[in-house]
Amino acid sequence: MKSQNRATLVGLVAIVLWSSIVALIRGVSESLGATGGAAMIYSVASLFLLLSVGFPDIRQFPRRYLLWGSLLFVAYELCLALSIGYANTGRQAIEVGMVNYLWPSFTMVAAILFNRQRASLIVIPGFLLSMLGICWVLGGDQGVDLAQMLINVKDNPLSYGLAFFGAVIWAAYCTVTARIAQGKNGVTLFFILVAAVLWLKYLLSPGAPMVFSVHAVLYLVLAAAAMGFGYAAWNVGILGGNVTILAGASYFIPIFSAVLSALVLRVPLSLAFWQGAGMVCAGSVLCWLATRQRTSLLAGE
């Protein structure tokens with residue numbers, strides 16, 4: 001197997017690992033609690049990253065990247081883990097995960113607005129389609145139903161709010177670090193910081209004690225591996241694989257995630273949910289094509 005094909009395959013493995021995160025975080029939080037479970041996941045994931053990627057020489061990192069990269073990464077991971085952990089049901093956890101997957105569309109829009117990324121007008125229907133897809137998902141079995149959507153959100157505004165702001169924060173992270181990282185990768189450091197913040201929150205806020213079991217430990221190891229090795233595998237894919245294939249496949253993570261979550265959490269999902277998830281994916285792909293099409297036209301291809 002050629003080295004590029006091997007690297008591409010490793011990158012595709014990262015997509016599968018990331019697609020399992022919603023179900024695995026939910027599985028851990030059911031036994032160890034939202035905060036305690038997340039703290040354990042990021043602690044073990046940090047260990048995996050130290051073993052696979054190693055700890056970076058932060059003295060070579062741009063100071064702005066250390067500051068803003070740390071703040072935005074930690075904020076996003078807190079929103080992601082806690083939004084899923086605080087969900088009242090497995091179905092709600094899947095819906096919350098779908099809201100979080102608005103980040104590809106938000107990232108493209110942010111790149112256009114702040115990084116002067118050239119794009120065609122296709123980005124507008126792409127963004128609107130993603131938003132419509134989320135409304136479709138939250139509307140329940142009837143599709144777009146504003147009354148039912150408000151009922152769903154009011155049932156747990158914290159989880160849905162964290163997921164939405166997480167998507168915005170990750171878009172900001174991708175946009176900002178693309179300008180100031182200078183090729184550096186602080187993911188190991190950032191994971192350690194996330195774990196430290198979560199442990200601090202766990203110690204300062206009263207909550208139910210963590211109950212360890214074979215089930216909890218299994219989900220913990222799998223979630224940490226998906227988190228840690230997912231980032232490591234993605235780096236291998238991006239650096240040595242076919243970036244076009246990986247970028248295209250990554251926009252279907254919402255569908256992959258929903259399938260795996262429905263199987264692992266044993267949650268039946270309606271046709272309306274799958275229609276909404278498809279809209280989120282299609283909207284992200286349109287936003288991506290908008291930037292690629294514009295670049296190709298400028299290059300005279």
# chains A, B, ... in the order shown; residues from 1 in each chain; ligands from 1
call {"tool": "residues_around", "arguments": {"residues": "A:Val22", "least_positions_apart": "4", "cutoff": "10 Å", "atoms": "only C-alpha atoms", "output": "count of residues only"}}
result
22
call {"tool": "residues_around", "arguments": {"residues": "stretch 201-217 of chain A", "least_positions_apart": "6", "cutoff": "12 Å", "atoms": "only C-alpha atoms", "output": "PyMOL selection string"}}
result
chain A and resi 24-41+44+78+82+194-195+223-224
call {"tool": "residues_around", "arguments": {"residues": "stretch 277-294 of chain A", "least_positions_apart": "5", "cutoff": "8 Å", "atoms": "only C-alpha atoms", "output": "ChimeraX atom specification"}}
result
/A:98,101-102,104-105,108-109,117-134,137,248,251-255
call {"tool": "write_last_selection", "arguments": {"atoms": "N, CA, C and O atoms", "output": "compact mmCIF listing (two decimals), in the first residue's frame"}}
result
# COMPACT_ATOMS: atom_id res chain seq x y z
N MET A 98 -25.91 16.76 17.26
CA MET A 98 -26.20 17.28 15.93
C MET A 98 -26.10 18.80 15.90
O MET A 98 -25.60 19.38 14.93
N TYR A 101 -22.64 19.88 15.44
CA TYR A 101 -22.09 19.69 14.10
C TYR A 101 -22.46 20.81 13.13
O TYR A 101 -22.25 20.68 11.92
N LEU A 102 -22.95 21.90 13.66
CA LEU A 102 -23.09 23.11 12.84
C LEU A 102 -21.73 23.77 12.61
O LEU A 102 -21.61 24.68 11.79
N PRO A 104 -18.93 23.03 11.00
CA PRO A 104 -18.32 23.19 9.67
C PRO A 104 -18.87 24.38 8.90
O PRO A 104 -18.12 25.14 8.28
N SER A 105 -20.20 24.55 8.94
CA SER A 105 -20.80 25.70 8.25
C SER A 105 -20.37 27.01 8.89
O SER A 105 -20.04 27.99 8.19
N MET A 108 -16.77 27.86 7.81
CA MET A 108 -16.66 28.40 6.46
C MET A 108 -17.09 29.87 6.42
O MET A 108 -16.43 30.71 5.80
N VAL A 109 -18.19 30.19 7.10
CA VAL A 109 -18.66 31.57 7.14
C VAL A 109 -17.63 32.46 7.84
O VAL A 109 -17.34 33.58 7.38
N GLN A 117 -11.41 34.44 3.03
CA GLN A 117 -11.54 33.27 2.18
C GLN A 117 -12.52 33.56 1.05
O GLN A 117 -13.64 34.01 1.28
N ARG A 118 -12.09 33.35 -0.19
CA ARG A 118 -12.96 33.61 -1.34
C ARG A 118 -13.97 32.48 -1.47
O ARG A 118 -13.63 31.30 -1.30
N ALA A 119 -15.20 32.82 -1.78
CA ALA A 119 -16.25 31.81 -1.90
C ALA A 119 -17.32 32.30 -2.86
O ALA A 119 -17.50 33.50 -3.07
N SER A 120 -18.03 31.34 -3.44
CA SER A 120 -19.15 31.66 -4.32
C SER A 120 -20.42 31.84 -3.49
O SER A 120 -20.45 31.56 -2.29
N LEU A 121 -21.46 32.27 -4.13
CA LEU A 121 -22.73 32.51 -3.44
C LEU A 121 -23.41 31.23 -2.97
O LEU A 121 -24.40 31.29 -2.24
N ILE A 122 -22.86 30.07 -3.36
CA ILE A 122 -23.43 28.80 -2.91
C ILE A 122 -23.36 28.69 -1.39
O ILE A 122 -24.14 27.96 -0.77
N VAL A 123 -22.45 29.44 -0.77
CA VAL A 123 -22.30 29.37 0.68
C VAL A 123 -23.57 29.80 1.40
O VAL A 123 -23.87 29.31 2.50
N ILE A 124 -24.35 30.70 0.78
CA ILE A 124 -25.57 31.19 1.44
C ILE A 124 -26.62 30.09 1.58
O ILE A 124 -27.09 29.82 2.70
N PRO A 125 -27.02 29.41 0.48
CA PRO A 125 -27.97 28.31 0.66
C PRO A 125 -27.40 27.17 1.49
O PRO A 125 -28.14 26.48 2.19
N GLY A 126 -26.07 26.99 1.45
CA GLY A 126 -25.45 25.96 2.26
C GLY A 126 -25.63 26.21 3.74
O GLY A 126 -26.02 25.33 4.51
N PHE A 127 -25.37 27.45 4.16
CA PHE A 127 -25.52 27.82 5.56
C PHE A 127 -26.98 27.72 5.99
O PHE A 127 -27.30 27.19 7.06
N LEU A 128 -27.87 28.23 5.15
CA LEU A 128 -29.30 28.19 5.49
C LEU A 128 -29.81 26.75 5.56
O LEU A 128 -30.65 26.43 6.41
N LEU A 129 -29.30 25.88 4.70
CA LEU A 129 -29.73 24.48 4.72
C LEU A 129 -29.29 23.80 6.01
O LEU A 129 -30.04 22.99 6.58
N SER A 130 -28.09 24.11 6.48
CA SER A 130 -27.62 23.55 7.75
C SER A 130 -28.52 23.98 8.90
O SER A 130 -28.89 23.16 9.76
N MET A 131 -28.86 25.25 8.94
CA MET A 131 -29.73 25.75 10.00
C MET A 131 -31.11 25.13 9.93
O MET A 131 -31.71 24.77 10.94
N LEU A 132 -31.63 24.99 8.70
CA LEU A 132 -32.93 24.35 8.52
C LEU A 132 -32.89 22.90 9.00
O LEU A 132 -33.84 22.40 9.61
N GLY A 133 -31.75 22.23 8.74
CA GLY A 133 -31.60 20.85 9.18
C GLY A 133 -31.68 20.70 10.69
O GLY A 133 -32.31 19.78 11.20
N ILE A 134 -31.06 21.64 11.42
CA ILE A 134 -31.13 21.59 12.88
C ILE A 134 -32.55 21.83 13.35
O ILE A 134 -33.05 21.16 14.27
N VAL A 137 -34.36 18.65 12.89
CA VAL A 137 -34.01 17.65 13.92
C VAL A 137 -34.74 17.96 15.23
O VAL A 137 -35.30 17.06 15.88
N GLY A 248 -13.86 15.81 2.36
CA GLY A 248 -15.20 15.43 1.93
C GLY A 248 -15.86 14.46 2.88
O GLY A 248 -17.03 14.61 3.23
N TYR A 251 -17.34 15.81 6.37
CA TYR A 251 -18.62 16.51 6.41
C TYR A 251 -19.81 15.57 6.60
O TYR A 251 -20.94 16.03 6.79
N PHE A 252 -19.53 14.26 6.57
CA PHE A 252 -20.60 13.29 6.81
C PHE A 252 -20.54 12.71 8.23
O PHE A 252 -21.25 11.77 8.54
N ILE A 253 -19.69 13.30 9.07
CA ILE A 253 -19.59 12.86 10.46
C ILE A 253 -20.95 12.92 11.18
O ILE A 253 -21.26 12.01 11.95
N PRO A 254 -21.80 13.96 10.95
CA PRO A 254 -23.11 13.95 11.63
C PRO A 254 -23.92 12.69 11.37
O PRO A 254 -24.56 12.15 12.28
N ILE A 255 -23.91 12.20 10.12
CA ILE A 255 -24.64 10.98 9.80
C ILE A 255 -24.01 9.78 10.47
O ILE A 255 -24.69 8.96 11.11
call {"tool": "select_by_dssp", "arguments": {"residues": "stretch 45-119 of chain A", "states": "alpha helix (DSSP H)", "output": "PyMOL selection string"}}
result
chain A and resi 45-52+63-64+70-85+90-100+103-114
call {"tool": "atom_distance", "arguments": {"atom1": "atom CA of A:Ala233", "atom2": "atom CA of A:Trp274"}}
result
28.0 Å
call {"tool": "residues_around", "arguments": {"residues": "A:Arg59", "least_positions_apart": "4", "cutoff": "12 Å", "atoms": "only C-alpha atoms", "output": "PDB file with C-alpha atoms, in the first residue's frame"}}
result
ATOM      1  CA  PHE A  55       4.365  16.848  24.618  1.00  0.00           C
ATOM      2  CA  ARG A  63       2.375  33.446  22.356  1.00  0.00           C
ATOM      3  CA  TYR A  65      -1.475  30.839  19.695  1.00  0.00           C
ATOM      4  CA  LEU A  66      -0.795  29.623  23.230  1.00  0.00           C
ATOM      5  CA  LYS A 184       2.358  24.365  15.546  1.00  0.00           C
ATOM      6  CA  GLY A 186      -0.708  22.142  20.841  1.00  0.00           C
TER       7      GLY A 186
END
call {"tool": "atom_distance", "arguments": {"atom1": "atom CA of A:Gln148", "atom2": "atom CA of A:Ala262"}}
result
21.3 Å
call {"tool": "residues_around", "arguments": {"residues": "A:Pro62", "least_positions_apart": "6", "cutoff": "12 Å", "atoms": "only C-alpha atoms", "output": "ChimeraX atom specification"}}
result
/A:68-70,177,179-186
call {"tool": "write_last_selection", "arguments": {"atoms": "N, CA, C and O atoms", "output": "PDB file, in the first residue's frame"}}
result
ATOM      1  N   TRP A  68      -4.800  32.226  22.803  1.00  0.00           N
ATOM      2  CA  TRP A  68      -6.112  32.076  22.187  1.00  0.00           C
ATOM      3  C   TRP A  68      -6.432  30.626  21.854  1.00  0.00           C
ATOM      4  O   TRP A  68      -7.588  30.201  21.977  1.00  0.00           O
ATOM      5  N   GLY A  69      -5.416  29.880  21.443  1.00  0.00           N
ATOM      6  CA  GLY A  69      -5.642  28.466  21.169  1.00  0.00           C
ATOM      7  C   GLY A  69      -6.095  27.729  22.414  1.00  0.00           C
ATOM      8  O   GLY A  69      -7.041  26.935  22.379  1.00  0.00           O
ATOM      9  N   SER A  70      -5.427  27.993  23.528  1.00  0.00           N
ATOM     10  CA  SER A  70      -5.792  27.339  24.787  1.00  0.00           C
ATOM     11  C   SER A  70      -7.203  27.708  25.214  1.00  0.00           C
ATOM     12  O   SER A  70      -8.019  26.839  25.548  1.00  0.00           O
ATOM     13  N   THR A 177      -6.720  30.093  14.828  1.00  0.00           N
ATOM     14  CA  THR A 177      -5.460  29.342  14.829  1.00  0.00           C
ATOM     15  C   THR A 177      -4.875  29.190  13.439  1.00  0.00           C
ATOM     16  O   THR A 177      -3.663  29.067  13.281  1.00  0.00           O
ATOM     17  N   ARG A 179      -4.545  31.435  11.435  1.00  0.00           N
ATOM     18  CA  ARG A 179      -3.791  32.662  11.182  1.00  0.00           C
ATOM     19  C   ARG A 179      -2.565  32.782  12.086  1.00  0.00           C
ATOM     20  O   ARG A 179      -1.583  33.412  11.689  1.00  0.00           O
ATOM     21  N   ILE A 180      -2.607  32.209  13.286  1.00  0.00           N
ATOM     22  CA  ILE A 180      -1.544  32.505  14.256  1.00  0.00           C
ATOM     23  C   ILE A 180      -0.752  31.285  14.719  1.00  0.00           C
ATOM     24  O   ILE A 180       0.238  31.432  15.433  1.00  0.00           O
ATOM     25  N   ALA A 181      -1.143  30.063  14.327  1.00  0.00           N
ATOM     26  CA  ALA A 181      -0.468  28.867  14.851  1.00  0.00           C
ATOM     27  C   ALA A 181       0.914  28.662  14.262  1.00  0.00           C
ATOM     28  O   ALA A 181       1.779  28.035  14.901  1.00  0.00           O
ATOM     29  N   GLN A 182       1.153  29.151  13.049  1.00  0.00           N
ATOM     30  CA  GLN A 182       2.438  28.992  12.365  1.00  0.00           C
ATOM     31  C   GLN A 182       2.859  27.517  12.290  1.00  0.00           C
ATOM     32  O   GLN A 182       4.030  27.164  12.469  1.00  0.00           O
ATOM     33  N   GLY A 183       1.885  26.649  12.029  1.00  0.00           N
ATOM     34  CA  GLY A 183       2.185  25.235  11.844  1.00  0.00           C
ATOM     35  C   GLY A 183       2.351  24.442  13.128  1.00  0.00           C
ATOM     36  O   GLY A 183       2.607  23.233  13.079  1.00  0.00           O
ATOM     37  N   LYS A 184       2.189  25.068  14.272  1.00  0.00           N
ATOM     38  CA  LYS A 184       2.358  24.365  15.546  1.00  0.00           C
ATOM     39  C   LYS A 184       1.076  23.633  15.936  1.00  0.00           C
ATOM     40  O   LYS A 184      -0.017  24.022  15.550  1.00  0.00           O
ATOM     41  N   ASN A 185       1.226  22.573  16.713  1.00  0.00           N
ATOM     42  CA  ASN A 185       0.072  21.777  17.146  1.00  0.00           C
ATOM     43  C   ASN A 185       0.141  21.568  18.655  1.00  0.00           C
ATOM     44  O   ASN A 185       0.991  20.820  19.150  1.00  0.00           O
ATOM     45  N   GLY A 186      -0.737  22.228  19.381  1.00  0.00           N
ATOM     46  CA  GLY A 186      -0.708  22.142  20.841  1.00  0.00           C
ATOM     47  C   GLY A 186      -1.773  21.240  21.420  1.00  0.00           C
ATOM     48  O   GLY A 186      -2.174  21.430  22.575  1.00  0.00           O
TER      49      GLY A 186
END
call {"tool": "residues_around", "arguments": {"residues": "A:Gly11", "least_positions_apart": "5", "cutoff": "8 Å", "atoms": "only C-alpha atoms", "output": "PDB file with N, CA and C atoms, in the first residue's frame"}}
result
ATOM      1  N   ALA A 233      -4.571  10.443  14.676  1.00  0.00           N
ATOM      2  CA  ALA A 233      -4.801   9.845  13.362  1.00  0.00           C
ATOM      3  C   ALA A 233      -5.116  10.909  12.319  1.00  0.00           C
ATOM      4  N   TRP A 234      -5.870  11.929  12.720  1.00  0.00           N
ATOM      5  CA  TRP A 234      -6.215  12.992  11.778  1.00  0.00           C
ATOM      6  C   TRP A 234      -4.970  13.740  11.319  1.00  0.00           C
ATOM      7  N   ASN A 235      -4.032  13.966  12.235  1.00  0.00           N
ATOM      8  CA  ASN A 235      -2.784  14.638  11.867  1.00  0.00           C
ATOM      9  C   ASN A 235      -2.020  13.841  10.821  1.00  0.00           C
ATOM     10  N   VAL A 236      -1.972  12.518  11.012  1.00  0.00           N
ATOM     11  CA  VAL A 236      -1.286  11.655  10.044  1.00  0.00           C
ATOM     12  C   VAL A 236      -1.962  11.769   8.679  1.00  0.00           C
ATOM     13  N   GLY A 237      -3.298  11.730   8.678  1.00  0.00           N
ATOM     14  CA  GLY A 237      -4.031  11.805   7.423  1.00  0.00           C
ATOM     15  C   GLY A 237      -3.849  13.124   6.709  1.00  0.00           C
ATOM     16  N   ILE A 238      -3.943  14.224   7.439  1.00  0.00           N
ATOM     17  CA  ILE A 238      -3.832  15.547   6.837  1.00  0.00           C
ATOM     18  C   ILE A 238      -2.423  15.801   6.301  1.00  0.00           C
ATOM     19  N   GLY A 241      -1.874  12.203   3.687  1.00  0.00           N
ATOM     20  CA  GLY A 241      -2.919  11.562   2.908  1.00  0.00           C
ATOM     21  C   GLY A 241      -3.553  12.471   1.875  1.00  0.00           C
ATOM     22  N   LEU A 246     -10.371  13.239   2.609  1.00  0.00           N
ATOM     23  CA  LEU A 246     -10.599  13.379   4.050  1.00  0.00           C
ATOM     24  C   LEU A 246     -11.552  14.532   4.351  1.00  0.00           C
TER      25      LEU A 246
END
call {"tool": "closest_residue", "arguments": {"among": "A:Ala272, A:Leu113, A:Ile58, A:Ala14", "to": "A:Ala225", "atoms": "only C-alpha atoms"}}
result
A:Ala14
call {"tool": "closest_residue", "arguments": {"among": "A:Val153, A:Phe61, A:Val267, A:Trp136", "to": "A:Thr89", "atoms": "only C-alpha atoms"}}
result
A:Val267
call {"tool": "residues_around", "arguments": {"residues": "A:Val99", "least_positions_apart": "5", "cutoff": "8 Å", "atoms": "only C-alpha atoms", "output": "list in words"}}
result
Ile134, Tyr160, Ala163, Phe164 and Ala167 of chain A
